[in-house]
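Structure file coords-v3.txt; described as compact mmCIF, C-alpha atoms.
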# COMPACT_ATOMS: atom_id res chain seq x y z
CA SER A 1 -23.06 -27.00 24.27
CA VAL A 2 -19.89 -27.69 26.29
CA LEU A 3 -21.59 -30.67 27.94
CA SER A 4 -22.72 -31.94 24.55
CA ARG A 5 -19.21 -31.74 23.03
CA TYR A 6 -17.71 -33.46 26.06
CA GLU A 7 -20.34 -36.20 25.92
CA ASN A 8 -19.71 -36.73 22.19
CA GLN A 9 -15.95 -37.07 22.75
CA ILE A 10 -16.40 -39.61 25.54
CA THR A 11 -18.78 -41.65 23.38
CA ILE A 12 -16.40 -41.70 20.43
CA LEU A 13 -13.35 -42.63 22.53
CA SER A 14 -15.05 -45.42 24.47
CA ASP A 15 -17.36 -47.09 21.95
CA TYR A 16 -16.64 -46.12 18.38
CA LEU A 17 -15.12 -48.85 16.20
CA GLU A 18 -14.97 -47.46 12.69
CA GLU A 19 -14.74 -50.58 10.57
CA PHE A 20 -16.30 -54.00 10.83
CA PRO A 21 -13.74 -56.74 11.43
CA GLU A 22 -13.06 -59.41 8.84
CA THR A 23 -15.16 -62.33 9.99
CA ASP A 24 -17.38 -65.12 8.73
CA GLU A 25 -19.88 -64.50 11.52
CA PRO A 26 -23.24 -63.12 10.34
CA VAL A 27 -24.43 -59.64 11.25
CA TRP A 28 -28.05 -59.36 12.37
CA ILE A 29 -29.91 -56.06 11.86
CA LEU A 30 -33.58 -55.90 12.93
CA GLY A 31 -34.45 -59.41 11.80
CA ARG A 32 -32.24 -59.45 8.69
CA GLN A 33 -29.04 -61.44 8.33
CA HIS A 34 -26.02 -60.00 6.49
CA HIS A 35 -22.61 -61.44 5.65
CA LEU A 36 -19.67 -59.06 5.69
CA ASN A 37 -17.65 -61.08 3.20
CA THR A 38 -20.29 -60.97 0.48
CA ASP A 39 -22.69 -58.06 1.04
CA LYS A 40 -21.07 -55.43 3.26
CA SER A 41 -22.47 -52.61 1.11
CA LYS A 42 -25.97 -54.03 1.49
CA LEU A 43 -25.46 -54.13 5.25
CA LEU A 44 -24.41 -50.48 5.36
CA LEU A 45 -27.37 -49.48 3.19
CA ASP A 46 -29.70 -51.32 5.54
CA ILE A 47 -28.29 -49.45 8.55
CA SER A 48 -28.33 -46.02 6.88
CA ALA A 49 -32.00 -46.51 5.90
CA ARG A 50 -33.04 -46.38 9.57
CA LEU A 51 -34.26 -42.96 10.68
CA TRP A 52 -31.60 -41.42 12.94
CA PHE A 53 -32.74 -38.89 15.52
CA THR A 54 -30.14 -36.91 17.42
CA TYR A 55 -29.93 -33.94 19.73
CA ARG A 56 -31.13 -30.76 18.04
CA ARG A 57 -30.73 -27.07 18.81
CA LYS A 58 -32.55 -23.83 17.93
CA PHE A 59 -36.06 -25.32 17.94
CA SER A 60 -38.92 -23.36 19.55
CA PRO A 61 -38.70 -23.48 23.38
CA ILE A 62 -40.52 -26.46 24.87
CA GLY A 63 -43.66 -25.25 26.61
CA GLY A 64 -42.99 -21.72 25.39
CA THR A 65 -40.35 -20.93 27.99
CA GLY A 66 -38.42 -24.19 28.29
CA PRO A 67 -35.22 -25.41 26.61
CA SER A 68 -34.64 -24.87 22.87
CA SER A 69 -32.18 -27.79 22.70
CA ASP A 70 -32.25 -31.30 24.13
CA ALA A 71 -28.46 -31.71 24.18
CA GLY A 72 -27.38 -33.50 27.35
CA TRP A 73 -30.81 -34.81 28.40
CA GLY A 74 -32.87 -35.98 25.40
CA CYS A 75 -30.92 -39.04 24.25
CA MET A 76 -33.41 -41.66 25.50
CA LEU A 77 -36.30 -39.68 23.98
CA ARG A 78 -34.46 -39.67 20.65
CA CYS A 79 -33.91 -43.44 20.93
CA GLY A 80 -37.63 -43.90 21.59
CA GLN A 81 -38.34 -41.84 18.48
CA MET A 82 -36.02 -44.09 16.45
CA MET A 83 -37.72 -47.28 17.63
CA LEU A 84 -41.17 -45.87 16.89
CA ALA A 85 -40.04 -44.55 13.50
CA GLN A 86 -38.86 -48.03 12.58
CA ALA A 87 -42.30 -49.37 13.48
CA LEU A 88 -43.94 -46.76 11.24
CA ILE A 89 -41.59 -47.57 8.35
CA CYS A 90 -42.53 -51.25 8.67
CA ARG A 91 -46.20 -50.22 8.90
CA HIS A 92 -46.28 -48.07 5.74
CA LEU A 93 -43.20 -48.94 3.65
CA GLY A 94 -42.18 -52.44 4.74
CA ARG A 95 -39.04 -53.74 6.41
CA ASP A 96 -37.21 -54.06 3.07
CA TRP A 97 -37.67 -50.41 2.10
CA GLN A 98 -34.32 -48.70 1.47
CA TRP A 99 -33.30 -45.06 1.61
CA GLU A 100 -30.87 -43.59 -0.91
CA LYS A 101 -29.40 -40.11 -0.79
CA HIS A 102 -31.10 -37.63 -3.18
CA LYS A 103 -33.58 -40.26 -4.35
CA LYS A 104 -37.24 -39.23 -4.35
CA GLN A 105 -39.12 -40.95 -1.57
CA PRO A 106 -42.83 -41.80 -1.28
CA GLU A 107 -45.22 -39.41 0.46
CA GLU A 108 -45.62 -41.88 3.34
CA TYR A 109 -41.93 -41.51 4.12
CA HIS A 110 -42.15 -37.72 4.42
CA ARG A 111 -45.33 -38.03 6.44
CA ILE A 112 -43.55 -40.38 8.87
CA LEU A 113 -40.65 -37.96 9.17
CA ARG A 114 -42.98 -35.04 9.82
CA CYS A 115 -44.35 -36.89 12.86
CA PHE A 116 -40.97 -36.43 14.57
CA LEU A 117 -39.96 -32.88 13.63
CA ASP A 118 -39.03 -30.65 16.57
CA ARG A 119 -42.28 -28.71 16.62
CA LYS A 120 -44.99 -28.66 19.26
CA ASP A 121 -47.66 -29.62 16.71
CA CYS A 122 -45.90 -32.82 15.57
CA CYS A 123 -47.32 -35.85 17.33
CA TYR A 124 -44.02 -37.47 18.39
CA SER A 125 -41.81 -34.36 18.64
CA ILE A 126 -39.36 -33.75 21.46
CA HIS A 127 -41.88 -31.14 22.67
CA GLN A 128 -44.73 -33.64 22.97
CA MET A 129 -42.57 -36.36 24.52
CA ALA A 130 -40.99 -34.06 27.10
CA GLN A 131 -44.33 -32.55 28.12
CA MET A 132 -46.09 -35.92 28.24
CA GLY A 133 -43.23 -37.11 30.46
CA VAL A 134 -44.35 -34.65 33.13
CA GLY A 135 -47.29 -36.99 33.77
CA GLU A 136 -44.75 -39.78 34.33
CA GLY A 137 -42.97 -37.74 37.01
CA LYS A 138 -40.20 -36.36 34.77
CA SER A 139 -39.50 -32.65 34.64
CA ILE A 140 -38.77 -31.11 31.24
CA GLY A 141 -35.03 -31.41 30.75
CA GLU A 142 -34.74 -34.48 32.98
CA TRP A 143 -33.24 -37.71 31.66
CA PHE A 144 -35.71 -40.54 30.90
CA GLY A 145 -35.26 -44.28 31.35
CA PRO A 146 -36.44 -46.93 28.85
CA ASN A 147 -39.71 -47.65 30.68
CA THR A 148 -40.63 -43.96 30.95
CA VAL A 149 -40.14 -43.46 27.20
CA ALA A 150 -42.29 -46.54 26.53
CA GLN A 151 -45.10 -45.13 28.69
CA VAL A 152 -44.89 -41.75 26.92
CA LEU A 153 -45.10 -43.37 23.47
CA LYS A 154 -48.09 -45.42 24.63
CA LYS A 155 -49.95 -42.24 25.65
CA LEU A 156 -49.03 -40.21 22.58
CA ALA A 157 -50.09 -43.02 20.22
CA LEU A 158 -53.68 -42.56 21.43
CA PHE A 159 -53.76 -39.19 19.65
CA ASP A 160 -52.27 -40.52 16.39
CA GLU A 161 -55.15 -41.16 13.99
CA TRP A 162 -53.07 -41.80 10.89
CA ASN A 163 -50.82 -44.60 12.15
CA SER A 164 -53.46 -46.12 14.43
CA LEU A 165 -51.02 -48.20 16.48
CA ALA A 166 -51.88 -50.34 19.46
CA VAL A 167 -49.01 -49.83 21.91
CA TYR A 168 -48.60 -52.49 24.58
CA VAL A 169 -46.00 -52.00 27.32
CA SER A 170 -45.53 -55.14 29.38
CA MET A 171 -45.75 -55.15 33.19
CA ASP A 172 -43.62 -57.17 35.59
CA ASN A 173 -41.62 -58.81 32.77
CA THR A 174 -44.82 -60.48 31.56
CA VAL A 175 -46.47 -60.34 28.12
CA VAL A 176 -50.14 -61.39 28.19
CA ILE A 177 -51.40 -62.76 24.87
CA GLU A 178 -55.06 -62.40 25.82
CA ASP A 179 -54.66 -58.69 26.64
CA ILE A 180 -52.79 -57.92 23.44
CA LYS A 181 -55.41 -59.61 21.26
CA LYS A 182 -58.16 -57.81 23.14
CA MET A 183 -56.43 -54.48 22.56
CA CYS A 184 -55.54 -55.04 18.89
CA TRP A 185 -58.99 -56.32 17.95
CA SER A 186 -60.83 -53.72 20.00
CA PRO A 187 -62.21 -50.91 17.80
CA ALA A 188 -61.41 -47.40 18.93
CA GLN A 189 -64.16 -46.10 21.17
CA SER A 190 -65.31 -42.53 21.41
CA SER A 191 -66.00 -42.73 25.15
CA GLY A 192 -62.43 -42.72 26.39
CA VAL A 193 -60.41 -39.69 27.38
CA ALA A 194 -56.75 -39.16 28.11
CA HIS A 195 -57.24 -36.98 31.17
CA SER A 196 -60.12 -36.45 33.56
CA SER A 197 -59.93 -32.72 32.86
CA ALA A 198 -60.48 -33.50 29.17
CA HIS A 199 -63.64 -35.38 30.09
CA LEU A 200 -64.91 -32.33 31.96
CA HIS A 201 -64.26 -30.00 29.05
CA ARG A 202 -64.61 -32.16 25.94
CA SER A 203 -67.53 -30.11 24.63
CA ALA A 204 -65.43 -26.96 24.88
CA LEU A 205 -62.36 -28.52 23.28
CA GLY A 206 -64.35 -30.09 20.44
CA GLN A 207 -65.19 -33.67 19.50
CA ASN A 208 -62.85 -35.78 17.40
CA LYS A 209 -64.56 -35.98 14.02
CA ASN A 210 -62.25 -38.60 12.51
CA THR A 211 -64.00 -41.96 12.89
CA ALA A 212 -61.63 -43.90 10.62
CA GLY A 213 -60.42 -45.93 13.59
CA LEU A 214 -63.92 -47.16 14.44
CA CYS A 215 -63.83 -49.97 11.87
CA PRO A 216 -63.07 -53.26 13.63
CA GLY A 217 -59.86 -55.01 12.61
CA TRP A 218 -56.37 -55.81 13.84
CA LYS A 219 -54.56 -52.63 14.83
CA PRO A 220 -50.82 -52.86 14.10
CA LEU A 221 -49.03 -53.69 17.34
CA LEU A 222 -46.03 -51.92 18.84
CA LEU A 223 -44.91 -54.20 21.66
CA ILE A 224 -42.39 -52.81 24.15
CA ILE A 225 -40.95 -55.01 26.92
CA PRO A 226 -39.02 -53.09 29.63
CA LEU A 227 -36.55 -55.40 31.37
CA ARG A 228 -33.95 -55.46 34.10
CA LEU A 229 -31.29 -57.98 33.05
CA GLY A 230 -29.19 -57.85 36.18
CA ILE A 231 -28.44 -55.64 39.18
CA ASN A 232 -25.41 -53.49 38.39
CA HIS A 233 -24.28 -55.34 35.25
CA ILE A 234 -26.04 -57.50 32.69
CA ASN A 235 -26.25 -61.11 33.82
CA PRO A 236 -24.42 -63.27 31.22
CA VAL A 237 -27.24 -65.84 31.38
CA TYR A 238 -29.46 -63.42 29.40
CA ILE A 239 -27.04 -62.67 26.57
CA ASP A 240 -28.06 -65.41 24.12
CA ALA A 241 -31.77 -64.67 24.57
CA PHE A 242 -31.18 -60.93 24.18
CA LYS A 243 -29.30 -61.49 20.92
CA GLU A 244 -31.99 -63.89 19.71
CA CYS A 245 -34.53 -61.04 19.79
CA PHE A 246 -32.61 -59.17 17.06
CA LYS A 247 -33.02 -62.21 14.77
CA MET A 248 -36.82 -62.12 14.90
CA PRO A 249 -38.49 -60.61 11.81
CA GLN A 250 -40.67 -58.52 14.15
CA SER A 251 -37.62 -56.93 15.84
CA LEU A 252 -37.48 -53.18 16.45
CA GLY A 253 -34.25 -53.48 18.39
CA ALA A 254 -33.78 -52.27 21.95
CA LEU A 255 -33.51 -49.09 23.99
CA GLY A 256 -30.71 -48.95 26.52
CA GLY A 257 -27.06 -48.01 26.87
CA LYS A 258 -25.17 -46.86 29.91
CA PRO A 259 -26.32 -44.77 32.89
CA ASN A 260 -27.60 -41.43 31.52
CA ASN A 261 -26.25 -42.33 28.06
CA ALA A 262 -28.86 -43.92 25.80
CA TYR A 263 -28.40 -45.76 22.50
CA TYR A 264 -30.76 -47.39 20.01
CA PHE A 265 -29.54 -50.95 19.49
CA ILE A 266 -30.42 -52.38 16.08
CA GLY A 267 -28.39 -55.59 15.88
CA PHE A 268 -25.27 -57.50 16.79
CA LEU A 269 -22.10 -59.11 15.51
CA GLY A 270 -20.73 -61.82 17.75
CA ASN A 271 -20.66 -60.36 21.26
CA GLU A 272 -20.84 -56.75 20.08
CA LEU A 273 -24.06 -54.77 19.82
CA ILE A 274 -24.60 -52.42 16.87
CA TYR A 275 -26.35 -49.16 17.64
CA LEU A 276 -27.37 -45.73 16.43
CA ASP A 277 -26.06 -42.95 18.65
CA PRO A 278 -28.15 -39.81 19.31
CA HIS A 279 -25.25 -37.92 20.91
CA THR A 280 -24.62 -35.52 18.04
CA THR A 281 -26.11 -32.02 18.18
CA GLN A 282 -27.55 -30.80 14.89
CA SER A 283 -29.60 -27.74 13.97
CA PHE A 284 -33.38 -27.84 13.88
CA VAL A 285 -34.90 -28.89 10.53
CA ASP A 286 -38.44 -28.03 9.45
CA SER A 287 -40.55 -29.26 6.53
CA GLU A 288 -40.57 -27.43 3.21
CA GLU A 289 -43.64 -25.68 1.80
CA ASN A 290 -44.51 -28.74 -0.27
CA GLY A 291 -44.42 -30.96 2.82
CA THR A 292 -41.12 -32.69 2.06
CA VAL A 293 -38.24 -32.66 4.53
CA ASP A 294 -34.54 -32.17 3.86
CA ASP A 295 -33.72 -35.59 5.27
CA GLN A 296 -29.92 -35.79 4.89
CA SER A 297 -29.36 -35.27 8.62
CA PHE A 298 -31.92 -37.94 9.57
CA HIS A 299 -29.83 -40.85 8.28
CA CYS A 300 -26.49 -41.91 9.74
CA GLN A 301 -24.19 -42.31 6.74
CA GLN A 302 -21.10 -43.45 8.64
CA ALA A 303 -20.04 -46.89 9.78
CA PRO A 304 -22.22 -47.74 12.79
CA HIS A 305 -21.13 -47.77 16.42
CA ARG A 306 -20.51 -51.01 18.29
CA MET A 307 -20.04 -51.91 21.93
CA LYS A 308 -19.39 -55.10 23.85
CA ILE A 309 -22.64 -56.56 25.08
CA MET A 310 -21.26 -56.98 28.62
CA ASN A 311 -20.90 -53.18 28.84
CA LEU A 312 -24.66 -52.78 28.46
CA ASP A 313 -26.58 -51.32 31.40
CA PRO A 314 -29.06 -53.97 32.62
CA SER A 315 -32.05 -51.61 32.24
CA VAL A 316 -33.35 -52.06 28.65
CA ALA A 317 -36.56 -52.17 26.63
CA LEU A 318 -37.10 -54.56 23.73
CA GLY A 319 -39.32 -53.51 20.83
CA PHE A 320 -41.32 -55.57 18.33
CA PHE A 321 -43.79 -54.69 15.56
CA CYS A 322 -46.61 -56.97 14.42
CA LYS A 323 -48.55 -55.53 11.49
CA GLU A 324 -50.98 -58.45 11.30
CA GLU A 325 -52.26 -60.96 13.83
CA CYS A 326 -50.27 -63.71 12.10
CA ASP A 327 -47.09 -61.71 12.80
CA PHE A 328 -47.92 -61.70 16.50
CA ASP A 329 -48.76 -65.41 16.50
CA ASN A 330 -45.43 -66.09 14.80
CA TRP A 331 -43.63 -63.95 17.38
CA CYS A 332 -45.25 -65.92 20.21
CA SER A 333 -44.06 -69.18 18.62
CA LEU A 334 -40.52 -67.85 18.22
CA VAL A 335 -40.43 -66.69 21.85
CA GLN A 336 -41.58 -70.09 23.07
CA LYS A 337 -39.07 -71.92 20.88
CA GLU A 338 -35.99 -69.71 20.98
CA ILE A 339 -36.19 -67.93 24.34
CA LEU A 340 -38.44 -69.55 26.92
CA LYS A 341 -37.62 -73.22 26.29
CA GLN A 342 -33.89 -72.53 26.13
CA GLN A 343 -33.62 -70.48 29.31
CA SER A 344 -33.27 -71.64 32.88
CA LEU A 345 -33.57 -68.01 34.02
CA ARG A 346 -36.13 -66.42 31.72
CA MET A 347 -35.65 -62.93 30.34
CA PHE A 348 -39.43 -62.40 30.38
CA GLU A 349 -42.63 -64.44 30.59
CA LEU A 350 -45.21 -65.02 27.86
CA VAL A 351 -48.59 -66.14 29.24
CA GLN A 352 -51.90 -66.89 27.53
CA LYS A 353 -54.35 -65.57 30.14
CA HIS A 354 -54.51 -62.36 32.15
CA PRO A 355 -53.11 -63.08 35.67
CA PRO A 356 -56.09 -63.25 38.07
CA HIS A 357 -54.30 -61.22 40.77
CA TRP A 358 -53.73 -58.29 38.37
CA PRO A 359 -56.25 -55.46 37.96
CA PRO A 360 -58.61 -56.04 34.99
CA PHE A 361 -57.13 -55.15 31.60
CA ILE A 362 -58.97 -52.28 29.91
CA PRO A 363 -57.70 -51.42 26.40
CA PRO A 364 -56.75 -47.74 26.15
CA THR A 365 -59.31 -45.74 24.20
CA LYS A 366 -59.05 -42.89 21.77
CA PRO A 367 -59.53 -39.44 23.31
CA GLU A 368 -62.36 -37.25 22.12
CA VAL A 369 -60.22 -34.15 21.70
CA THR A 370 -58.46 -32.94 18.58
CA THR A 371 -55.30 -31.87 20.40
CA THR A 372 -52.34 -33.96 21.42
CA GLY A 373 -51.50 -34.57 25.06
CA ALA A 374 -49.28 -31.56 25.68
CA GLU A 375 -51.67 -29.17 23.92
CA LEU A 376 -54.55 -30.73 25.82
CA ILE A 377 -52.89 -29.92 29.14
CA GLU A 378 -52.37 -26.32 28.05
CA SER A 379 -55.95 -26.03 26.72
CA THR A 380 -57.59 -27.38 29.86
CA ASP A 381 -55.44 -25.15 32.06
CA LYS A 382 -56.64 -22.14 30.07
CA LEU A 383 -60.25 -23.28 30.42
CA PHE A 384 -59.89 -23.56 34.18
CA GLU A 385 -58.39 -20.04 34.24
CA LEU A 386 -61.31 -18.70 32.20
CA GLU A 387 -63.78 -20.38 34.55
CA GLU A 388 -62.10 -18.83 37.58
CA GLU A 389 -62.18 -15.38 35.94
CA PHE A 390 -65.86 -15.84 35.08
CA GLU A 391 -66.67 -16.82 38.68
CA ILE A 392 -64.83 -13.73 39.99
CA LEU A 393 -66.70 -11.47 37.55
CA SER A 394 -70.01 -13.09 38.51
CA VAL A 395 -69.39 -12.38 42.18
Could you express the structure from this file as structure tokens?
Amino acid sequence: SVLSRYENQITILSDYLEEFPETDEPVWILGRQHHLNTDKSKLLLDISARLWFTYRRKFSPIGGTGPSSDAGWGCMLRCGQMMLAQALICRHLGRDWQWEKHKKQPEEYHRILRCFLDRKDCCYSIHQMAQMGVGEGKSIGEWFGPNTVAQVLKKLALFDEWNSLAVYVSMDNTVVIEDIKKMCWSPAQSSGVAHSSAHLHRSALGQNKNTAGLCPGWKPLLLIIPLRLGINHINPVYIDAFKECFKMPQSLGALGGKPNNAYYFIGFLGNELIYLDPHTTQSFVDSEENGTVDDQSFHCQQAPHRMKIMNLDPSVALGFFCKEECDFDNWCSLVQKEILKQQSLRMFELVQKHPPHWPPFIPPTKPEVTTTGAELIESTDKLFELEEEFEILSV
């Protein structure tokens, strides 16, 4: 808790600018343009509508014996949750959906929020993300980078029947159109598994009975592009292209910040980035008996934080959401026009065909188990233990 308070104070002193300046320059928030002189209130409403995930305390210990708070280490995981939550809002409610305090919200909104509650049985909880990160070489309680969070979200999305997202994380600064279309048009198969141990024990764990994802069709795309925009500091040559991404209607913002200090960037004003800050520790919130969630603490109702773009750590991850194939085609056109043709040093590459020197692209497939990744690991471990006990008894 001492570390958390100290971290909060440093963040406020170094980055927090309470009021927007008086300017004629437009403000861009996740593909929407606002003008401070004419619609400042609309701008603030747009920002407060984004789901805001922060450090929490007093949730059930991760893994049963692990930490019961993520203060001091979970900021990048919270930023990943915010980016994914924005994708789900666009998926179910639309980009223009607005949140108002004490106003009744649709069931889809509460269902989205329940995906992120700090409980081990919620598909994108801090519990699931931290435990899935173990497979990415991160111990529970260890700080994640943008790419690690992207890989964790990609794995967890395989277990998410309701949202049915196709998550593509680019490799080597390259987005391959052919691979994305193959993945988004590929119906979910019942032959894939998340872990080899799951394949060994799928009959014991139970088959996935939900076949809703088997119908062919475009799966909504969450596209994450991890980037390195410099060595120790961001290279100024990338700044215009980086800002251009926030103007795209498909924008989900960016994950990044400073070393060991992550923010969720949602827009910009001039040469300042606008972001949601997870470095506030709040108490655990659970859903009510009727399934609704007291959501007051999941929306930042203060003026947003800003920081100079040149203070950004060069390790970032851009996010985009394409609900339909036409959205992706439009995104490709915008990238070609606004980023690739304008840049001498390209921020990333967009190619039509799968590079021949890369391993073959195999779309990830839906696991056959009914548990999420972290529960699956626990379940298979228990099965192995039971097998060992049975072998001992047999001898």
Considering all atoms listed in the file, return as a JSON list (two decimals) with C-alpha atoms, keeping the file's coordinate frame whatever protein or nucleic-acid residues lie within 8 Å of Met183 (chain A), sequence-local ones (same chain, fewer than 4 positions apart) excluded.
[["chain", "number", "residue", "atom", "x", "y", "z"],
["A", 166, "ALA", "CA", -51.88, -50.34, 19.46],
["A", 179, "ASP", "CA", -54.66, -58.69, 26.64],
["A", 363, "PRO", "CA", -57.70, -51.42, 26.40],
["A", 364, "PRO", "CA", -56.75, -47.74, 26.15]]
Please produce, as CSV, a per-residue contact table for region 288-363 of chain A versus region 78-89 of chain A (criterion: any atom at most 8 Å away, only C-alpha atoms considered), showing the nearest atom pair and its distance in Å to one decimal, sorted by chain then residue number.
residue,atom,partner,partner_atom,distance
A:Gly319,CA,A:Met83,CA,7.2
A:Phe320,CA,A:Ala87,CA,7.9
A:Phe321,CA,A:Ala87,CA,5.9
Quiz item: Hey, can you check how far CA of Asn260 (chain A) sits from CA of Ser139 (chain A)?
Solution: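 The value is 15.1 Å.
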Practice problem: Just the residues within 8 Å of Leu77 (chain A), please, counting all atoms listed in the file, with nothing from its chain fewer than 2 positions along; format it as a ChimeraX atom specification. | Solution: /A:74-75,79-81,126,129-130,144,149
Exercise. Go through A:Cys300, A:Ala317, A:Ala49, A:Val335 one by one, measure the shortest atom-to-atom distance of each to Met171 (chain A) using all atoms listed in the file, and give the residue with the smallest value.
Key: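 Among the listed residues, A:Ala317 lies closest to Met171 (chain A).
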Practice problem: Using only C-alpha atoms, pick whichever of A:Leu318, A:Gln131, A:Phe20, A:Thr54 has the shortest atom-to-atom distance to Ser41 (chain A). | Solution: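 Distance minimum relative to Ser41 (chain A) lands on A:Phe20.
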Practice problem: Write out as a list in words each polymer residue whose atoms come within 9 Å of Ile180 (chain A), counting all atoms listed in the file; drop sequence neighbours fewer than 5 positions from it. | Solution: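 Within the cut-off, the hits are Ala166, Tyr168, Val175, Trp185, Leu221, Leu223 and Pro363 of chain A.
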Quiz item: Neighbours of His110 (chain A) within 10 Å (all atoms listed in the file; same-chain residues fewer than 6 positions away dropped), as a count of residues only?
Solution: 6
Quiz item: Which residues, written as an NGL selection string, have at least one atom at most 8 Å from region 238-253 of chain A, with all atoms listed in the file counted and residues fewer than 3 positions away on the same chain left out?
Solution: :A and (28-33 or 83 or 86-87 or 229 or 234-235 or 264-268 or 309 or 318-322 or 327 or 331 or 334 or 338-339 or 343 or 345-347)
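When CA of Pro360 (chain A) is paired with CA of Ile225 (chain A), their separation reads 19.4 Å.
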Practice problem: Identify which of the residues A:Lys323, A:His92, A:Glu22, A:Leu44 lies closest to Ala303 (chain A), counting all atoms listed in the file when measuring atom-to-atom distances. | Solution: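 Using all atoms listed in the file, the shortest distance to Ala303 (chain A) belongs to A:Leu44.
Here CA of Glu288 (chain A) and CA of Leu117 (chain A) stand 11.8 Å from one another.
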As AutoDock Vina command-line options, please report the centre and edge lengths, rounded to one decimal in Å, of the axis-aligned box that holds all listed atoms of region 328-331 of chain A with 3 Å of padding on each of the six sides.
--center_x -46.2 --center_y -63.9 --center_z 16.1 --size_x 11.1 --size_y 10.4 --size_z 8.6
Quiz item: Nearest to Pro67 (chain A): which of A:Asp121, A:Glu19, A:Glu142, A:Asp329 is it, counting all atoms listed in the file?
Solution: A:Glu142
Practice problem: Just give me the residues with any atom within 12 Å of (-27.2, -41.0, 28.9), file coordinates, counting all atoms listed in the file, written as a ChimeraX atom specification. | Solution: /A:3-4,7-8,10-11,55,70-79,142-146,255-264,277-279,313
Exercise. Measuring atom to atom with only C-alpha atoms, identify which of A:Arg50, A:Pro356, A:Gln336, A:Arg56 is nearest to Asp96 (chain A).
Key: A:Arg50
Quiz item: Using only C-alpha atoms, which of A:Lys337, A:Gln105, A:Asp46, A:Val152 sits nearest Val134 (chain A)?
Solution: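 Result for the nearest residue to Val134 (chain A): A:Val152.
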